[in-house]
Amino acid sequence: MRLPQPAAGARILAFGGYQPDNVVTNDDLAAVMDTSDEWIRSRVGIASRRIAGPDETVADMAVAAAGKAIAGSGVSVSDIDLVIVATCSTEAPIPNASATVASRLGIVAPGAYDLNAACAGFCYGLANASDAVRAGTARHVLVIGSEKMSAWVDPADRSTRIIFADGAGAAVVGPVADPADKPGIGPVVWGSNGDLADKIHIKDRTSFLFQEGQAVFRWATTELYPMALEACQRAGVRPEDLAAFVPHQANLRIIESIARKIGVPRDRLADDIIHAGNTSSASIPLALARMTERGELHAGMPVLLLGFGAGMCYAAQVVTVP
Amino acid sequence: MALTEQEILAGLAEIIDEIAGVPADEVTPDKNFVDDLDIDSLSMVEIAVAAQDKFGVEIPDDQLKDLKTVQDVITYVHKNAS
């Protein structure tokens, strides 16, 4: 038996992001439910979020974000041989989103699968992509986080409706060509706390998302920072040398607390949540795409990613900005 | 040696100052967290976690909701400290 030729390492070639046009402000929500701009900002740090149109799907948003990532990567669609869509909010379980997304992008017959690690999904997908490229089972991988969380949120539940939002983010992952070059995706530190899985759940296909806010807050602010520090340690990057910390944009107070515990100053913490809301698996690549577009991140910079969410799944890794 | 209520109050005041920005001298036993100190439920979780680190007493979420005043927390910590 022969095995494929492994690559020296994997790196991210480009990011792309997409947000629906419809901006929903805190005042818009206060007009239809018992809440206020001040209350929402102080509890979760969100000023506005984007909500998809009634006919806009998880796949539509994934295609929009991925198209930008592919265009920025310099890679031809014919060179992409694996497509991973991290999502927990598709309209239906069959077919998967990834094969449809690939086809609409003109990627012919790639390996294609959806991945559900909820809000940690993009970091799981990135780890899978890095390993596939390094092992030689794929040459270029398209990793997308795309979510239409608004479809699963109870419009009458102010504790979730103020937080969750819609959008997509994508990255193209490829090999490090020269063995002398450094890999751009560090070792992943991942895991799950399934014993706490009932803290965030959707009971069945006709139910809405339920979240036990205090329990999630306690878990996120106490259990995750050691994983983030371990990801830095395993990548050989000191927290003080990180150009940015881009955690899942869950709640500004959660991520500010984690950043303090890791020792990352506030001005290096991604706070895309303020105008994007919590877009689950899309939040990290969306933040990365927007920070890169705004010129806040430059090629070669080390950035720490930390995804965490339902299932109480988590994953952290250090990546190099393309 | 077990902490006195006075020592717990002093430690708790430090925590509340750090997490919620309430000056330590305003943290007195009679104060209600929500009504007097403007501390919300998420800050209460942060205070409980910090109190666990400081006093070695775990305050679970289902107990936390019953701790309305500074004295309630002092009594809970004092009673459950090993």
# chains A, B, ... in the order shown; residues from 1 in each chain; ligands from 1
>>> residues_around(residues="Tyr124 of chain A", least_positions_apart="6", cutoff="10 Å", atoms="only C-alpha atoms", output="mmCIF file with N, CA and C atoms, in the first residue's frame")
data_model
loop_
_atom_site.group_PDB
_atom_site.id
_atom_site.type_symbol
_atom_site.label_atom_id
_atom_site.label_comp_id
_atom_site.auth_asym_id
_atom_site.auth_seq_id
_atom_site.Cartn_x
_atom_site.Cartn_y
_atom_site.Cartn_z
ATOM 1 N N ILE A 84 -15.655 21.932 3.941
ATOM 2 C CA ILE A 84 -16.245 21.663 5.264
ATOM 3 C C ILE A 84 -17.119 22.851 5.643
ATOM 4 N N ALA A 86 -19.097 24.237 8.768
ATOM 5 C CA ALA A 86 -19.442 24.136 10.193
ATOM 6 C C ALA A 86 -20.752 24.884 10.393
ATOM 7 N N LEU A 115 -20.228 19.920 9.632
ATOM 8 C CA LEU A 115 -19.617 19.612 10.923
ATOM 9 C C LEU A 115 -20.400 20.372 11.984
ATOM 10 N N ASN A 116 -20.889 19.674 12.993
ATOM 11 C CA ASN A 116 -21.621 20.344 14.067
ATOM 12 C C ASN A 116 -20.861 20.248 15.378
ATOM 13 N N ALA A 117 -20.117 21.290 15.674
ATOM 14 C CA ALA A 117 -19.565 21.465 17.013
ATOM 15 C C ALA A 117 -20.051 22.825 17.512
ATOM 16 N N ALA A 118 -21.252 23.202 17.040
ATOM 17 C CA ALA A 118 -21.900 24.465 17.385
ATOM 18 C C ALA A 118 -20.931 25.643 17.227
ATOM 19 N N SER A 130 -6.385 21.467 8.433
ATOM 20 C CA SER A 130 -4.930 21.470 8.593
ATOM 21 C C SER A 130 -4.391 20.034 8.541
ATOM 22 N N VAL A 143 -12.956 25.989 4.374
ATOM 23 C CA VAL A 143 -13.632 25.827 5.675
ATOM 24 C C VAL A 143 -14.574 27.013 5.871
ATOM 25 N N VAL A 188 -4.128 22.057 17.610
ATOM 26 C CA VAL A 188 -5.427 22.351 18.231
ATOM 27 C C VAL A 188 -5.489 21.733 19.629
ATOM 28 N N VAL A 189 -6.090 22.474 20.543
ATOM 29 C CA VAL A 189 -6.425 21.933 21.872
ATOM 30 C C VAL A 189 -7.940 21.898 21.907
ATOM 31 N N TRP A 190 -8.515 20.722 21.902
ATOM 32 C CA TRP A 190 -9.970 20.639 21.810
ATOM 33 C C TRP A 190 -10.536 19.620 22.771
ATOM 34 N N GLY A 191 -11.842 19.715 22.976
ATOM 35 C CA GLY A 191 -12.506 18.796 23.878
ATOM 36 C C GLY A 191 -13.976 19.158 24.012
ATOM 37 N N SER A 281 -20.946 29.439 14.805
ATOM 38 C CA SER A 281 -19.705 29.003 14.146
ATOM 39 C C SER A 281 -19.165 30.034 13.163
ATOM 40 N N GLY A 307 -12.874 28.658 19.991
ATOM 41 C CA GLY A 307 -14.300 28.412 19.759
ATOM 42 C C GLY A 307 -14.869 27.649 20.935
ATOM 43 N N CYS A 313 -18.662 22.038 23.600
ATOM 44 C CA CYS A 313 -17.467 21.739 22.809
ATOM 45 C C CYS A 313 -16.566 22.970 22.788
ATOM 46 N N TYR A 314 -15.272 22.751 22.736
ATOM 47 C CA TYR A 314 -14.340 23.871 22.634
ATOM 48 C C TYR A 314 -13.132 23.463 21.806
ATOM 49 N N ALA A 315 -12.482 24.450 21.206
ATOM 50 C CA ALA A 315 -11.259 24.206 20.442
ATOM 51 C C ALA A 315 -10.474 25.501 20.369
ATOM 52 N N ALA A 316 -9.168 25.415 20.569
ATOM 53 C CA ALA A 316 -8.298 26.599 20.506
ATOM 54 C C ALA A 316 -7.094 26.280 19.644
ATOM 55 N N GLN A 317 -6.654 27.263 18.856
ATOM 56 C CA GLN A 317 -5.412 27.115 18.122
ATOM 57 C C GLN A 317 -4.860 28.498 17.765
#
>>> interface_residues(of="chain A", to="chain B", cutoff="7 Å", atoms="only C-alpha atoms", output="ChimeraX atom specification")
/A:214-215,218
>>> write_last_selection(atoms="N, CA and C atoms", output="PDB file, in the first residue's frame")
ATOM      1  N   GLN A 214     -26.538  31.727  33.059  1.00  0.00           N
ATOM      2  CA  GLN A 214     -25.575  31.783  34.170  1.00  0.00           C
ATOM      3  C   GLN A 214     -24.612  30.597  34.136  1.00  0.00           C
ATOM      4  N   ALA A 215     -25.147  29.406  33.844  1.00  0.00           N
ATOM      5  CA  ALA A 215     -24.308  28.201  33.836  1.00  0.00           C
ATOM      6  C   ALA A 215     -23.285  28.278  32.692  1.00  0.00           C
ATOM      7  N   ARG A 218     -20.604  30.769  33.639  1.00  0.00           N
ATOM      8  CA  ARG A 218     -19.654  30.215  34.613  1.00  0.00           C
ATOM      9  C   ARG A 218     -18.675  29.251  33.927  1.00  0.00           C
TER      10      ARG A 218
END
>>> residues_around(residues="Phe55 of chain B", least_positions_apart="2", cutoff="10 Å", atoms="only C-alpha atoms", output="VMD selection string")
chain B and resid 2 to 3 8 11 to 12 50 to 53 57 to 58 77 to 78 80 to 82
>>> residues_around(residues="segment 14-25 of chain A", least_positions_apart="4", cutoff="6 Å", atoms="only C-alpha atoms", output="list of chain:residue names")
A:Ser48, A:Arg49, A:Arg50, A:Ile51, A:Ala52, A:Ala65, A:Ala66, A:Lys68, A:Ala69, A:Gly72, A:Ser73, A:Gly167, A:Ala168, A:Gly169, A:Ala170, A:Ala171, A:Val172, A:Leu286, A:Ala289, A:Pro322
>>> residues_around(residues="Asp72 of chain B", least_positions_apart="6", cutoff="10 Å", atoms="only C-alpha atoms", output="list in words")
Pro29, Asp30, Lys31, Asn32, Leu64, Asp66 and His78 of chain B
>>> write_last_selection(atoms="N, CA and C atoms", output="PDB file, in the first residue's frame")
ATOM      1  N   PRO B  29     -22.629  44.608  55.235  1.00  0.00           N
ATOM      2  CA  PRO B  29     -23.469  43.398  55.304  1.00  0.00           C
ATOM      3  C   PRO B  29     -24.920  43.599  54.888  1.00  0.00           C
ATOM      4  N   ASP B  30     -25.479  44.768  55.154  1.00  0.00           N
ATOM      5  CA  ASP B  30     -26.906  44.974  54.887  1.00  0.00           C
ATOM      6  C   ASP B  30     -27.225  45.224  53.416  1.00  0.00           C
ATOM      7  N   LYS B  31     -26.196  45.426  52.580  1.00  0.00           N
ATOM      8  CA  LYS B  31     -26.454  45.826  51.189  1.00  0.00           C
ATOM      9  C   LYS B  31     -27.003  44.679  50.347  1.00  0.00           C
ATOM     10  N   ASN B  32     -28.028  45.005  49.547  1.00  0.00           N
ATOM     11  CA  ASN B  32     -28.611  44.073  48.589  1.00  0.00           C
ATOM     12  C   ASN B  32     -27.835  44.216  47.273  1.00  0.00           C
ATOM     13  N   LEU B  64     -26.853  30.374  44.442  1.00  0.00           N
ATOM     14  CA  LEU B  64     -26.523  31.784  44.210  1.00  0.00           C
ATOM     15  C   LEU B  64     -27.766  32.663  44.155  1.00  0.00           C
ATOM     16  N   ASP B  66     -30.364  32.548  45.795  1.00  0.00           N
ATOM     17  CA  ASP B  66     -30.941  32.846  47.118  1.00  0.00           C
ATOM     18  C   ASP B  66     -30.074  33.799  47.937  1.00  0.00           C
ATOM     19  N   HIS B  78     -19.205  31.307  55.536  1.00  0.00           N
ATOM     20  CA  HIS B  78     -18.818  30.973  56.913  1.00  0.00           C
ATOM     21  C   HIS B  78     -19.294  29.568  57.278  1.00  0.00           C
TER      22      HIS B  78
END
